[in-house]
Structure formats: C-alpha cells, structure tokens
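Quick look at start-v4.tsv (TSV, C-alpha atoms):
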chain	number	residue	atom	x	y	z
A	5	MET	CA	-20.16	-8.08	34.69
A	6	SER	CA	-20.86	-4.36	35.07
A	7	ASN	CA	-21.09	-1.90	32.18
A	8	THR	CA	-17.86	-0.34	33.42
A	9	GLU	CA	-16.04	-3.67	33.22
A	10	ARG	CA	-17.57	-4.43	29.80
A	11	ASP	CA	-16.59	-0.98	28.55
A	12	GLU	CA	-13.01	-1.47	29.72
A	13	GLN	CA	-12.84	-4.89	28.08
A	14	MET	CA	-14.32	-3.52	24.84
A	15	TRP	CA	-11.93	-0.56	24.83
A	16	ASN	CA	-8.91	-2.83	25.37
A	17	ARG	CA	-9.99	-5.03	22.45
A	18	LEU	CA	-10.58	-2.00	20.26
A	19	SER	CA	-7.19	-0.51	21.18
A	20	ALA	CA	-5.46	-3.79	20.36
A	21	LEU	CA	-7.26	-3.95	17.01
A	22	TYR	CA	-6.26	-0.35	16.24
A	23	SER	CA	-2.60	-1.07	17.00
A	24	GLN	CA	-2.57	-4.20	14.84
A	25	VAL	CA	-4.27	-2.51	11.90
A	26	GLU	CA	-2.02	0.59	12.10
A	27	HIS	CA	1.08	-1.62	12.09
A	28	ARG	CA	-0.06	-3.54	9.00
A	29	LEU	CA	-1.04	-0.35	7.19
A	30	GLY	CA	2.24	1.37	8.01
A	31	THR	CA	4.30	-1.60	6.86
A	32	ALA	CA	2.37	-2.00	3.59
A	33	ILE	CA	2.48	1.70	2.67
A	34	GLN	CA	6.17	2.00	3.53
A	35	ARG	CA	7.21	-1.14	1.65
A	36	GLY	CA	5.00	-0.59	-1.34
A	37	HIS	CA	5.18	3.16	-1.78
A	38	GLY	CA	7.95	4.61	0.38
A	39	LEU	CA	5.52	6.61	2.51
A	40	GLY	CA	4.94	6.74	6.22
A	41	LEU	CA	1.37	6.42	7.36
A	42	SER	CA	1.17	10.08	8.43
A	43	GLU	CA	2.58	11.14	5.06
A	44	TYR	CA	-0.02	9.02	3.25
A	45	ARG	CA	-2.81	10.50	5.37
A	46	ALA	CA	-1.54	14.05	4.84
A	47	LEU	CA	-1.51	13.52	1.08
A	48	GLY	CA	-5.07	12.15	1.30
A	49	LEU	CA	-6.23	15.28	3.10
A	50	LEU	CA	-4.48	17.52	0.59
A	51	VAL	CA	-5.95	15.64	-2.39
A	52	VAL	CA	-9.50	16.50	-1.30
A	53	ALA	CA	-8.75	20.00	0.04
A	54	PRO	CA	-9.86	23.01	-2.02
A	55	ASP	CA	-7.05	23.90	-4.43
A	56	GLY	CA	-5.03	21.00	-2.94
A	57	GLU	CA	-3.83	23.09	-0.01
A	58	LEU	CA	-4.31	23.33	3.74
A	59	ARG	CA	-2.97	25.62	6.42
A	60	MET	CA	-0.23	23.87	8.36
A	61	GLN	CA	-2.28	24.12	11.57
A	62	ASP	CA	-5.32	22.55	9.91
A	63	LEU	CA	-3.17	19.76	8.52
A	64	ALA	CA	-1.65	19.17	11.97
A	65	ASN	CA	-5.09	18.98	13.57
A	66	SER	CA	-6.47	16.65	10.92
A	67	VAL	CA	-3.52	14.25	10.97
A	68	GLY	CA	-3.33	14.37	14.76
A	69	LEU	CA	0.18	15.79	15.06
A	70	ASN	CA	1.59	18.73	16.95
A	71	GLN	CA	3.05	21.72	15.11
A	72	SER	CA	6.68	20.58	15.19
A	73	SER	CA	5.78	17.07	14.01
A	74	VAL	CA	3.72	18.35	11.10
A	75	THR	CA	6.56	20.71	10.16
A	76	ARG	CA	8.89	17.71	9.90
A	77	LEU	CA	6.25	15.72	8.00
A	78	VAL	CA	5.79	18.53	5.46
A	79	GLY	CA	9.58	18.82	5.20
A	80	ARG	CA	9.75	15.14	4.19
A	81	LEU	CA	6.94	15.61	1.66
A	82	ASP	CA	8.70	18.69	0.27
A	83	ALA	CA	12.05	16.88	0.00
A	84	ALA	CA	10.34	14.06	-1.90
A	85	GLY	CA	8.61	16.50	-4.27
A	86	LEU	CA	5.14	15.48	-3.06
A	87	ALA	CA	4.11	18.82	-1.51
A	88	TYR	CA	5.54	22.25	-0.81
A	89	ARG	CA	5.07	25.13	1.61
A	90	ASP	CA	3.49	28.36	0.43
A	91	LEU	CA	2.84	31.62	2.25
A	92	CYS	CA	-0.70	32.93	2.53
A	93	PRO	CA	-0.98	36.05	0.34
A	94	ASP	CA	-3.42	37.70	2.79
A	95	ASP	CA	-1.56	36.83	5.98
A	96	ARG	CA	2.21	36.45	5.64
A	97	ARG	CA	2.26	34.50	8.91
A	98	GLY	CA	-0.04	31.83	7.46
A	99	VAL	CA	1.77	28.89	5.86
A	100	TYR	CA	0.04	26.42	3.60
A	101	THR	CA	1.00	22.95	2.48
A	102	VAL	CA	0.22	22.40	-1.20
A	103	ILE	CA	0.17	18.99	-2.90
A	104	THR	CA	2.10	18.55	-6.15
A	105	ASP	CA	1.11	16.45	-9.17
A	106	GLU	CA	3.70	13.92	-8.01
A	107	GLY	CA	2.03	13.87	-4.58
A	108	ARG	CA	-1.36	13.24	-6.16
A	109	ALA	CA	0.06	10.39	-8.23
A	110	ARG	CA	1.84	8.80	-5.24
A	111	TYR	CA	-1.33	9.01	-3.16
A	112	ARG	CA	-3.43	7.42	-5.92
A	113	ALA	CA	-0.87	4.64	-6.32
A	114	ALA	CA	-0.83	3.93	-2.56
A	115	ARG	CA	-4.59	4.16	-2.00
A	116	GLY	CA	-5.32	0.68	-3.35
A	117	THR	CA	-2.64	-0.86	-1.13
A	118	TYR	CA	-4.03	1.03	1.87
A	119	ARG	CA	-7.61	-0.09	1.24
A	120	GLU	CA	-6.72	-3.72	0.53
A	121	THR	CA	-4.50	-3.91	3.61
A	122	LEU	CA	-7.14	-2.28	5.78
A	123	THR	CA	-9.83	-4.73	4.71
A	124	ALA	CA	-7.50	-7.73	5.13
A	125	ALA	CA	-6.41	-6.57	8.59
A	126	LEU	CA	-10.01	-6.10	9.71
A	127	ASP	CA	-11.00	-9.47	8.22
A	128	ASP	CA	-8.19	-11.10	10.24
A	129	ALA	CA	-9.23	-9.46	13.52
A	130	PRO	CA	-9.95	-11.92	16.32
A	131	ASP	CA	-13.24	-12.28	18.19
A	132	GLY	CA	-15.39	-10.76	15.45
A	133	ILE	CA	-14.79	-7.24	16.74
A	134	ALA	CA	-14.29	-5.77	13.28
A	135	GLU	CA	-17.46	-7.41	11.99
A	136	ALA	CA	-19.38	-6.04	14.98
A	137	LEU	CA	-18.00	-2.57	14.25
A	138	ARG	CA	-18.87	-2.86	10.58
A	139	HIS	CA	-22.40	-3.93	11.46
A	140	GLY	CA	-22.76	-1.10	13.99
A	141	LEU	CA	-21.59	1.48	11.49
A	142	SER	CA	-23.89	0.20	8.75
A	143	VAL	CA	-26.88	0.30	11.11
A	144	THR	CA	-26.19	3.90	12.15
A	145	ALA	CA	-25.59	5.00	8.55
A	146	GLU	CA	-29.05	3.91	7.42
Starting from the coordinates I provided, produce the structure as structure tokens.
Amino acid sequence: MSNTERDEQMWNRLSALYSQVEHRLGTAIQRGHGLGLSEYRALGLLVVAPDGELRMQDLANSVGLNQSSVTRLVGRLDAAGLAYRDLCPDDRRGVYTVITDEGRARYRAARGTYRETLTAALDDAPDGIAEALRHGLSVTAE
C-alpha cells in the first residue's frame, strides 16, 4: 500500500473518529447543561481571554464560524445571560463579546461533563486510533 493510500485511510478513520466524538460531546453538553457545543467552546475561550472579552472576529476565527454564525451564537449567549456585546471604546466599529459571571459558572459546570465525555468517547474509539494519537502527542510533547 502506498503512502497516499495509507494517508487516505488514516484520514478517513480520523474523520470518522472526529464525527463520533463531536456527536457525543454535543449531546452530553446539550442534555446536561443546555449549551450547544459552539456555545460551550465560545464560553471556554472567553473564560481565558484577558478581561473575559474577545472581539467578535477573533471569537469567530477561534470557534471556526463565519461572522453571521458567530453573531447568532453571541445572540444566544446574550439571551441566556451568559455573555453580552460591548462596543470598543477606541474603535466604535469594534464589537466585543464579554462573558458574564453566569457564563463563567455555566462553563465551569459543563467542563467536567465535556472532559469525561471526551475521554470516554476516545476510550471507545475502534482500532486503537485514539490511543495511537495519544501516544503520538505525548511523544512530541516531551
């Protein structure tokens, strides 16, 4: 088998694993905490951001959404009291998303579910692909 064929096979397995893990994570976070996966990830980015705020464009880039999708996402967070929009004082065109105390609390509550579900989903992965990835990452981190 050529490297090209092996790469394609590996990529297909990795894509399938990604889809399975994302589905389990999304279901667990939604059922347990009433958050979509993008909302959870946005809150996670805001929790670690300086002053708990990010420009909308930076948030969009980090979550992997386009501008209109992140606008809707922030609208849902705002409606739930988890974050709000704020104008940049230096540049009135700049809009920030700012996490609220409620948003921090919801993120902290959901983080354990996310981590436990992630580990369980990777442990359940077929063909040892997750274990191979874990081993590869630990080798490169040393």
How close does each residue of stretch 74-145 of chain A get to stretch 28-49 of chain A, giving the shortest atom pair and distance in Å to one decimal for every residue with an atom at most 8 Å away, counting all atoms listed in the file, sorted by chain and residue number, as CSV?
residue,atom,partner,partner_atom,distance
A:Leu77,CA,A:Glu43,CA,6.6
A:Leu81,CA,A:Glu43,CA,7.1
A:Ile103,CA,A:Leu47,CA,7.0
A:Gly107,CA,A:Leu47,CA,6.7
A:Arg108,CA,A:Leu47,CA,7.2
A:Arg110,CA,A:His37,CA,7.4
A:Tyr111,CA,A:Leu47,CA,6.2
A:Ala113,CA,A:His37,CA,7.7
A:Ala114,CA,A:His37,CA,6.1
A:Thr117,CA,A:Ile33,CA,6.9
A:Tyr118,CA,A:Leu29,CA,6.3
A:Thr121,CA,A:Leu29,CA,6.1
A:Leu122,CA,A:Leu29,CA,6.6
A:Ala125,CA,A:Arg28,CA,7.0
Would you mind telling me which residue in A:Val51, A:Ala64, A:Cys92, A:Val102 lies nearest to A:Arg76 when using all atoms listed in the file?
A:Ala64
Between atom CA of A:Leu69 and atom CA of A:Glu135, what is the distance in Å, rounded to a tenth?
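A separation of 29.3 Å between them.
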Separation of atom CA of A:Glu12 and atom CA of A:Asp128, in Å?
22.3 Å
Go through A:Glu120, A:Thr104, A:Asn16, A:Leu58 one by one, measure the shortest atom-to-atom distance of each to A:Gly85 using all atoms listed in the file, and give the residue with the smallest value.
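Nearest candidate to A:Gly85 out of A:Glu120, A:Thr104, A:Asn16, A:Leu58: A:Thr104.
Within 9 Å of the point (-0.5, 24.6, 10.4) in file coordinates, and counting only C-alpha atoms, lie the residues Leu58, Arg59, Met60, Gln61, Asp62, Leu63, Ala64, Asn65, Gln71, Val74, Thr75, Gly98, Val99, Tyr100 and Thr101 of chain A.
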Once you have the residues from the selection above, write them out as a tab-separated table (two decimals), in the coordinates of the input, restricted to C-alpha atoms.
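The resulting file, out33.tsv, is shown below:
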chain	number	residue	atom	x	y	z
A	58	LEU	CA	-4.31	23.33	3.74
A	59	ARG	CA	-2.97	25.62	6.42
A	60	MET	CA	-0.23	23.87	8.36
A	61	GLN	CA	-2.28	24.12	11.57
A	62	ASP	CA	-5.32	22.55	9.91
A	63	LEU	CA	-3.17	19.76	8.52
A	64	ALA	CA	-1.65	19.17	11.97
A	65	ASN	CA	-5.09	18.98	13.57
A	71	GLN	CA	3.05	21.72	15.11
A	74	VAL	CA	3.72	18.35	11.10
A	75	THR	CA	6.56	20.71	10.16
A	98	GLY	CA	-0.04	31.83	7.46
A	99	VAL	CA	1.77	28.89	5.86
A	100	TYR	CA	0.04	26.42	3.60
A	101	THR	CA	1.00	22.95	2.48
In terms of the shortest atom-to-atom distance over all atoms listed in the file, which of A:Gly116, A:Pro93, A:Gly132, A:Gly140 is closest to A:Leu21?
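Selected residue with least distance to A:Leu21: A:Gly132.
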Rounded to one decimal place, report the atom CA of A:Ala109-atom CA of A:Arg89 distance in Å.
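It comes out at 18.4 Å.
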Listed atoms of stretch 108-112 of chain A boxed along x, y and z, 5 Å each side, centre and edge lengths in Å, one decimal, as lines of an AutoDock Vina configuration file:
center_x = -0.8
center_y = 10.3
center_z = -5.7
size_x = 15.3
size_y = 15.8
size_z = 15.1
Contacts of A:Asp131 within 12 Å, all atoms listed in the file, excl. fewer than 2 positions in-chain, as a PDB file with C-alpha atoms, in the frame of the given file:
ATOM      1  CA  MET A  14     -14.320  -3.520  24.840  1.00  0.00           C
ATOM      2  CA  ARG A  17      -9.990  -5.030  22.450  1.00  0.00           C
ATOM      3  CA  LEU A  18     -10.580  -2.000  20.260  1.00  0.00           C
ATOM      4  CA  ALA A  20      -5.460  -3.790  20.360  1.00  0.00           C
ATOM      5  CA  LEU A  21      -7.260  -3.950  17.010  1.00  0.00           C
ATOM      6  CA  LEU A 126     -10.010  -6.100   9.710  1.00  0.00           C
ATOM      7  CA  ASP A 127     -11.000  -9.470   8.220  1.00  0.00           C
ATOM      8  CA  ASP A 128      -8.190 -11.100  10.240  1.00  0.00           C
ATOM      9  CA  ALA A 129      -9.230  -9.460  13.520  1.00  0.00           C
ATOM     10  CA  ILE A 133     -14.790  -7.240  16.740  1.00  0.00           C
ATOM     11  CA  ALA A 134     -14.290  -5.770  13.280  1.00  0.00           C
ATOM     12  CA  GLU A 135     -17.460  -7.410  11.990  1.00  0.00           C
ATOM     13  CA  ALA A 136     -19.380  -6.040  14.980  1.00  0.00           C
ATOM     14  CA  LEU A 137     -18.000  -2.570  14.250  1.00  0.00           C
TER      15      LEU A 137
END
N, CA and C atoms modelled onto stretch 95-120 of chain A, as a compact mmCIF listing (two decimals), keeping the file's coordinate frame:
# COMPACT_ATOMS: atom_id res chain seq x y z
N ASP A 95 -2.13 36.82 4.63
CA ASP A 95 -1.56 36.83 5.98
C ASP A 95 -0.18 36.18 5.89
N ARG A 96 0.85 36.97 5.85
CA ARG A 96 2.21 36.45 5.64
C ARG A 96 2.65 35.47 6.73
N ARG A 97 1.92 35.46 7.86
CA ARG A 97 2.26 34.50 8.91
C ARG A 97 1.66 33.13 8.62
N GLY A 98 0.62 33.08 7.78
CA GLY A 98 -0.04 31.83 7.46
C GLY A 98 0.76 31.03 6.44
N VAL A 99 1.02 29.77 6.76
CA VAL A 99 1.77 28.89 5.86
C VAL A 99 0.86 27.75 5.44
N TYR A 100 0.83 27.50 4.16
CA TYR A 100 0.04 26.42 3.60
C TYR A 100 0.94 25.28 3.15
N THR A 101 0.37 24.10 3.12
CA THR A 101 1.00 22.95 2.48
C THR A 101 0.19 22.68 1.22
N VAL A 102 0.87 22.57 0.09
CA VAL A 102 0.22 22.40 -1.20
C VAL A 102 0.71 21.10 -1.82
N ILE A 103 -0.20 20.26 -2.28
CA ILE A 103 0.17 18.99 -2.90
C ILE A 103 0.63 19.23 -4.33
N THR A 104 1.61 18.47 -4.78
CA THR A 104 2.10 18.55 -6.15
C THR A 104 1.43 17.45 -6.99
N ASP A 105 1.62 17.52 -8.30
CA ASP A 105 1.11 16.45 -9.17
C ASP A 105 1.73 15.12 -8.80
N GLU A 106 3.02 15.14 -8.46
CA GLU A 106 3.70 13.92 -8.01
C GLU A 106 3.07 13.38 -6.73
N GLY A 107 2.69 14.28 -5.82
CA GLY A 107 2.03 13.87 -4.58
C GLY A 107 0.68 13.24 -4.85
N ARG A 108 -0.06 13.82 -5.78
CA ARG A 108 -1.36 13.24 -6.16
C ARG A 108 -1.17 11.84 -6.75
N ALA A 109 -0.19 11.69 -7.60
CA ALA A 109 0.06 10.39 -8.23
C ALA A 109 0.49 9.36 -7.20
N ARG A 110 1.36 9.74 -6.27
CA ARG A 110 1.84 8.80 -5.24
C ARG A 110 0.68 8.38 -4.35
N TYR A 111 -0.17 9.33 -4.00
CA TYR A 111 -1.33 9.01 -3.16
C TYR A 111 -2.25 8.03 -3.89
N ARG A 112 -2.56 8.31 -5.15
CA ARG A 112 -3.43 7.42 -5.92
C ARG A 112 -2.84 6.02 -6.02
N ALA A 113 -1.53 5.94 -6.22
CA ALA A 113 -0.87 4.64 -6.32
C ALA A 113 -0.94 3.88 -4.99
N ALA A 114 -0.85 4.58 -3.88
CA ALA A 114 -0.83 3.93 -2.56
C ALA A 114 -2.24 3.62 -2.04
N ARG A 115 -3.23 4.31 -2.54
CA ARG A 115 -4.59 4.16 -2.00
C ARG A 115 -5.12 2.73 -2.11
N GLY A 116 -4.87 2.06 -3.21
CA GLY A 116 -5.32 0.68 -3.35
C GLY A 116 -4.66 -0.24 -2.33
N THR A 117 -3.36 -0.06 -2.13
CA THR A 117 -2.64 -0.86 -1.13
C THR A 117 -3.23 -0.60 0.25
N TYR A 118 -3.47 0.66 0.57
CA TYR A 118 -4.03 1.03 1.87
C TYR A 118 -5.39 0.34 2.07
N ARG A 119 -6.26 0.46 1.11
CA ARG A 119 -7.61 -0.09 1.24
C ARG A 119 -7.59 -1.61 1.33
N GLU A 120 -6.80 -2.26 0.49
CA GLU A 120 -6.72 -3.72 0.53
C GLU A 120 -6.15 -4.21 1.86
